[in-house]
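Quick look at start.csv (CSV, C-alpha atoms and all ligand atoms):
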```csv
chain,number,residue,atom,x,y,z
A,1,MET,CA,-30.1,2.9,-0.4
A,2,LEU,CA,-28.0,3.0,2.7
A,3,PRO,CA,-29.1,5.6,5.2
A,4,HIS,CA,-26.3,7.5,6.8
A,5,GLY,CA,-25.6,10.2,9.4
A,6,VAL,CA,-23.0,12.9,9.0
A,7,GLN,CA,-20.2,13.1,11.5
A,8,ILE,CA,-16.9,15.0,12.0
A,9,VAL,CA,-13.9,12.8,12.7
A,10,THR,CA,-10.9,14.5,14.2
A,11,VAL,CA,-7.4,13.0,14.2
A,12,ARG,CA,-4.0,13.7,15.7
A,13,ASP,CA,-0.4,12.9,14.8
A,14,GLY,CA,1.9,14.2,17.5
A,15,ASP,CA,1.1,17.9,17.9
A,16,GLU,CA,-0.7,18.1,14.6
A,17,PHE,CA,-4.6,18.1,14.4
A,18,HIS,CA,-6.9,17.6,11.5
A,19,GLY,CA,-10.2,16.0,10.5
A,20,TYR,CA,-12.8,15.2,7.9
A,21,THR,CA,-16.5,14.9,7.4
A,22,SER,CA,-17.7,11.3,7.6
A,23,SER,CA,-20.8,9.4,6.7
A,24,TRP,CA,-19.6,5.8,6.3
A,25,MET,CA,-19.8,4.8,9.9
A,26,THR,CA,-21.5,2.1,12.0
A,27,GLN,CA,-21.5,0.6,15.5
A,28,ALA,CA,-19.8,-2.7,15.1
A,29,SER,CA,-19.8,-4.3,18.6
A,30,PHE,CA,-21.3,-3.7,22.1
A,31,ASP,CA,-18.6,-5.3,24.1
A,32,PRO,CA,-16.0,-3.9,23.6
A,33,PRO,CA,-17.8,-0.9,22.0
A,34,LEU,CA,-16.5,-0.6,18.5
A,35,LEU,CA,-17.1,1.8,15.6
A,36,ALA,CA,-16.3,0.9,12.0
A,37,LEU,CA,-15.4,3.7,9.5
A,38,GLY,CA,-14.8,3.8,5.8
A,39,VAL,CA,-11.9,6.2,5.3
A,40,ARG,CA,-10.5,7.4,2.0
A,41,ALA,CA,-7.2,5.7,1.7
A,42,ASP,CA,-5.4,8.7,0.2
A,43,SER,CA,-6.8,11.4,2.5
A,44,ARG,CA,-4.7,13.4,4.9
A,45,SER,CA,-6.9,12.2,7.8
A,46,ARG,CA,-6.2,8.6,6.9
A,47,GLU,CA,-2.5,9.2,6.8
A,48,MET,CA,-2.6,10.8,10.2
A,49,MET,CA,-4.7,7.9,11.6
A,50,ARG,CA,-2.1,5.5,10.4
A,51,LYS,CA,0.6,7.4,12.3
A,52,GLY,CA,-1.5,8.5,15.3
A,53,GLY,CA,-3.6,5.4,15.9
A,54,VAL,CA,-6.5,7.4,17.3
A,55,PHE,CA,-9.6,9.4,16.2
A,56,CYS,CA,-12.5,11.2,17.8
A,57,VAL,CA,-16.0,11.0,16.3
A,58,HIS,CA,-18.4,13.9,16.7
A,59,PHE,CA,-22.2,13.9,16.1
A,60,LEU,CA,-23.7,17.2,14.8
A,61,ALA,CA,-27.0,18.8,15.4
A,62,PRO,CA,-29.3,19.3,12.4
A,63,ASP,CA,-28.4,23.0,12.3
A,64,GLN,CA,-24.7,22.4,12.2
A,65,GLU,CA,-24.3,21.6,8.5
A,66,GLU,CA,-21.8,24.5,8.2
A,67,ILE,CA,-19.2,22.7,10.3
A,68,ALA,CA,-19.6,19.6,8.1
A,69,GLN,CA,-19.0,21.8,5.0
A,70,ARG,CA,-15.8,23.1,6.4
A,71,PHE,CA,-14.5,19.5,7.1
A,72,PHE,CA,-15.2,18.0,3.8
A,73,LYS,CA,-12.8,20.3,2.0
A,74,PRO,CA,-9.5,18.5,1.2
A,75,ALA,CA,-6.5,19.5,3.4
A,76,THR,CA,-4.8,21.1,0.3
A,77,ARG,CA,-7.7,23.6,-0.1
A,78,ALA,CA,-8.9,24.0,3.5
A,79,GLY,CA,-5.6,24.5,5.4
A,80,ASN,CA,-6.2,24.3,9.1
A,81,LYS,CA,-9.8,23.1,9.3
A,82,LEU,CA,-9.9,23.7,13.1
A,83,ALA,CA,-9.0,27.4,12.8
A,84,GLY,CA,-11.6,29.5,14.8
A,85,LEU,CA,-13.4,26.5,16.2
A,86,GLU,CA,-13.5,25.8,19.9
A,87,TYR,CA,-12.1,22.5,21.1
A,88,GLU,CA,-10.5,20.7,24.0
A,89,ILE,CA,-7.9,18.0,24.0
A,90,GLY,CA,-9.4,14.5,24.5
A,91,GLU,CA,-8.2,12.9,27.7
A,92,LYS,CA,-7.9,9.4,26.2
A,93,THR,CA,-6.6,10.1,22.7
A,94,GLY,CA,-5.2,13.6,22.7
A,95,CYS,CA,-7.5,14.3,19.7
A,96,PRO,CA,-9.3,17.6,19.4
A,97,VAL,CA,-12.8,17.3,21.0
A,98,LEU,CA,-15.0,20.0,19.4
A,99,THR,CA,-17.3,21.8,21.8
A,100,GLY,CA,-20.8,22.8,21.1
A,101,LEU,CA,-21.7,19.6,19.1
A,102,LEU,CA,-24.2,16.9,20.3
A,103,ALA,CA,-21.9,14.1,21.4
A,104,TYR,CA,-18.4,12.6,20.9
A,105,ALA,CA,-16.6,9.3,21.1
A,106,GLU,CA,-12.8,9.0,21.5
A,107,CYS,CA,-11.4,5.9,19.9
A,108,ARG,CA,-8.2,4.0,19.5
A,109,ILE,CA,-7.7,2.0,16.3
A,110,VAL,CA,-7.8,-1.8,16.8
A,111,HIS,CA,-8.3,-3.1,13.2
A,112,GLU,CA,-7.5,-1.7,9.7
A,113,TRP,CA,-8.2,-3.3,6.3
A,114,GLY,CA,-7.2,-1.9,2.9
A,115,GLY,CA,-8.0,-3.0,-0.6
A,116,GLY,CA,-10.2,-0.4,-2.1
A,117,ASP,CA,-10.2,3.4,-2.4
A,118,HIS,CA,-11.4,3.5,1.2
A,119,ASP,CA,-10.0,1.6,4.1
A,120,VAL,CA,-12.1,0.1,6.9
A,121,VAL,CA,-10.9,1.4,10.2
A,122,VAL,CA,-12.3,0.0,13.4
A,123,GLY,CA,-11.9,1.9,16.7
A,124,GLU,CA,-12.6,0.9,20.2
A,125,VAL,CA,-14.5,3.6,22.1
A,126,LEU,CA,-12.4,4.7,25.1
A,127,ALA,CA,-14.6,7.6,26.2
A,128,ALA,CA,-17.9,9.0,25.0
A,129,LYS,CA,-20.2,11.8,26.1
A,130,VAL,CA,-23.5,13.2,25.1
A,131,LEU,CA,-23.1,17.0,25.5
A,132,ARG,CA,-26.7,17.9,24.8
A,133,GLU,CA,-29.9,16.0,23.8
A,134,GLY,CA,-31.2,16.1,20.3
A,135,ARG,CA,-31.2,14.0,17.1
A,136,PRO,CA,-28.1,13.9,15.0
A,137,LEU,CA,-27.7,15.5,11.5
A,138,LEU,CA,-28.5,12.9,8.8
A,139,LEU,CA,-27.2,12.9,5.3
A,140,ALA,CA,-30.8,13.0,4.1
A,141,ASP,CA,-31.2,16.4,5.8
A,142,THR,CA,-28.5,17.8,3.5
A,143,PRO,CA,-28.2,18.4,-0.3
A,144,TRP,CA,-25.0,16.2,-0.2
A,145,GLN,CA,-24.4,12.6,-1.3
A,146,TYR,CA,-21.5,10.3,-0.6
A,147,GLY,CA,-22.0,7.1,-2.6
A,148,GLY,CA,-24.4,4.5,-1.2
B,201,LIG,C1,-21.5,14.2,2.8
B,201,LIG,C2,-20.0,13.7,2.8
B,201,LIG,C3,-19.7,12.5,3.4
B,201,LIG,C4,-18.4,12.0,3.4
B,201,LIG,N1,-18.1,10.9,4.0
B,201,LIG,C5,-16.9,10.4,4.0
B,201,LIG,C6,-16.5,9.2,4.6
B,201,LIG,O1,-17.4,8.5,5.2
B,201,LIG,N2,-15.2,8.7,4.5
B,201,LIG,C7,-14.3,9.5,3.9
B,201,LIG,O2,-13.1,9.1,3.9
B,201,LIG,N3,-14.6,10.7,3.3
B,201,LIG,C8,-15.8,11.1,3.3
B,201,LIG,N4,-16.1,12.3,2.7
B,201,LIG,C9,-15.1,13.0,2.1
B,201,LIG,C10,-14.1,13.7,3.0
B,201,LIG,O3,-14.8,14.5,3.9
B,201,LIG,C11,-13.1,14.5,2.2
B,201,LIG,O4,-12.4,13.6,1.3
B,201,LIG,C12,-12.1,15.2,3.0
B,201,LIG,O5,-11.7,16.2,2.1
B,201,LIG,C13,-10.9,14.4,3.4
B,201,LIG,O6,-10.1,15.4,4.0
B,201,LIG,P1,-8.5,15.3,4.2
B,201,LIG,O7,-7.9,14.8,2.9
B,201,LIG,O8,-8.2,16.7,4.5
B,201,LIG,O9,-8.4,14.3,5.3
B,201,LIG,C14,-17.4,12.8,2.7
B,201,LIG,C15,-17.8,14.0,2.1
B,201,LIG,C16,-19.1,14.4,2.1
B,201,LIG,C17,-19.4,15.7,1.4
```
What is this file in structure tokens?
Ligand SMILES: Cc1cc2nc3c(=O)[nH]c(=O)nc-3n(C[C@H](O)[C@H](O)[C@H](O)COP(=O)(O)O)c2cc1C
Amino acid sequence: MLPHGVQIVTVRDGDEFHGYTSSWMTQASFDPPLLALGVRADSRSREMMRKGGVFCVHFLAPDQEEIAQRFFKPATRAGNKLAGLEYEIGEKTGCPVLTGLLAYAECRIVHEWGGGDHDVVVGEVLAAKVLREGRPLLLADTPWQYGG
């Protein structure tokens, strides 16, 4: 019964880049601007967040399901999920910032809670940009489900 969007979250640990498809995400404060994410505790992305302390959220256009499909494959099967995609290096976090999507927000992790199969990770938005106008891809636009 919880409506969700579909986002791509990219992460960085040193020179290594990675990312996953996300839907458990909400704005959690205006000042400072915070985003709260539910992140699978045993995923590669979460491991890299623990080490790197940063992430970058991307909002997709409704016709960009294909990119989400690439990022929900686990690291063990997908290999380098960024291969062939265009990206720049985020000025604030060093995370990959994918070009051609609707918008992005670079975040530094300020709170983390564990306890279940997903951790709650709260990031402060350090930089954000709308790259082009349009509504974001919603989970309800897709054939996919992720709990809720
Ligand atoms: C529609 C959809 C939404 C998802 N939302 C989340 C999410 O909010 N949090 C999460 O940790 N995983 C979510 N996933 C699962 C991750 O994308 C998936 O576990 C990914 O393989 C993790 O990658 P990694 O182990 O390479 O980091 C979602 C999957 C799908 C298909």
Nearby residues, ligand LIG 201 (chain B), 10 Å, all atoms listed in the file, as number ranges by chain: A: 4-11, 18-25, 37-49, 65, 68-81, 117-120, 138-140, 142-147
Could you pull the residues within 9 Å of Val121 of chain A, counting only C-alpha atoms, minus those fewer than 6 positions along the same chain, as a list in words? Leu35, Ala36, Leu37, Gly38, Val39, Ile109, Val110, His111, Glu112, Trp113 and Gly114 of chain A
Residue subset to file, keeping C-alpha atoms, as a tab-separated table (two decimals), in the coordinates of the input:
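The new file selection-v1.tsv reads:
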```
chain	number	residue	atom	x	y	z
A	35	LEU	CA	-17.10	1.80	15.60
A	36	ALA	CA	-16.30	0.90	12.00
A	37	LEU	CA	-15.40	3.70	9.50
A	38	GLY	CA	-14.80	3.80	5.80
A	39	VAL	CA	-11.90	6.20	5.30
A	109	ILE	CA	-7.70	2.00	16.30
A	110	VAL	CA	-7.80	-1.80	16.80
A	111	HIS	CA	-8.30	-3.10	13.20
A	112	GLU	CA	-7.50	-1.70	9.70
A	113	TRP	CA	-8.20	-3.30	6.30
A	114	GLY	CA	-7.20	-1.90	2.90
```
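The space separating atom CA of Arg108 of chain A from atom CA of Glu16 of chain A comes to 16.7 Å.
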Adding 3 Å on each side of the box along x, y and z that holds all listed atoms of segment 22-30 of chain A, could you give its centre and edge lengths in Å to one decimal, as lines of an AutoDock Vina configuration file?
```
center_x = -19.6
center_y = 3.5
center_z = 14.2
size_x = 9.8
size_y = 21.6
size_z = 21.8
```
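The interatomic distance for the pair atom CA of Phe30 of chain A and atom CA of Lys92 of chain A works out to 19.2 Å.
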Distance in Å - atom CA of Gly53 of chain A versus atom CA of Pro33 of chain A: 16.7 Å
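Among A:Val54, A:Glu88, A:Ala28, A:Pro62, the residue with the shortest atom-to-atom distance to Gly134 of chain A, counting all atoms listed in the file, is A:Pro62.
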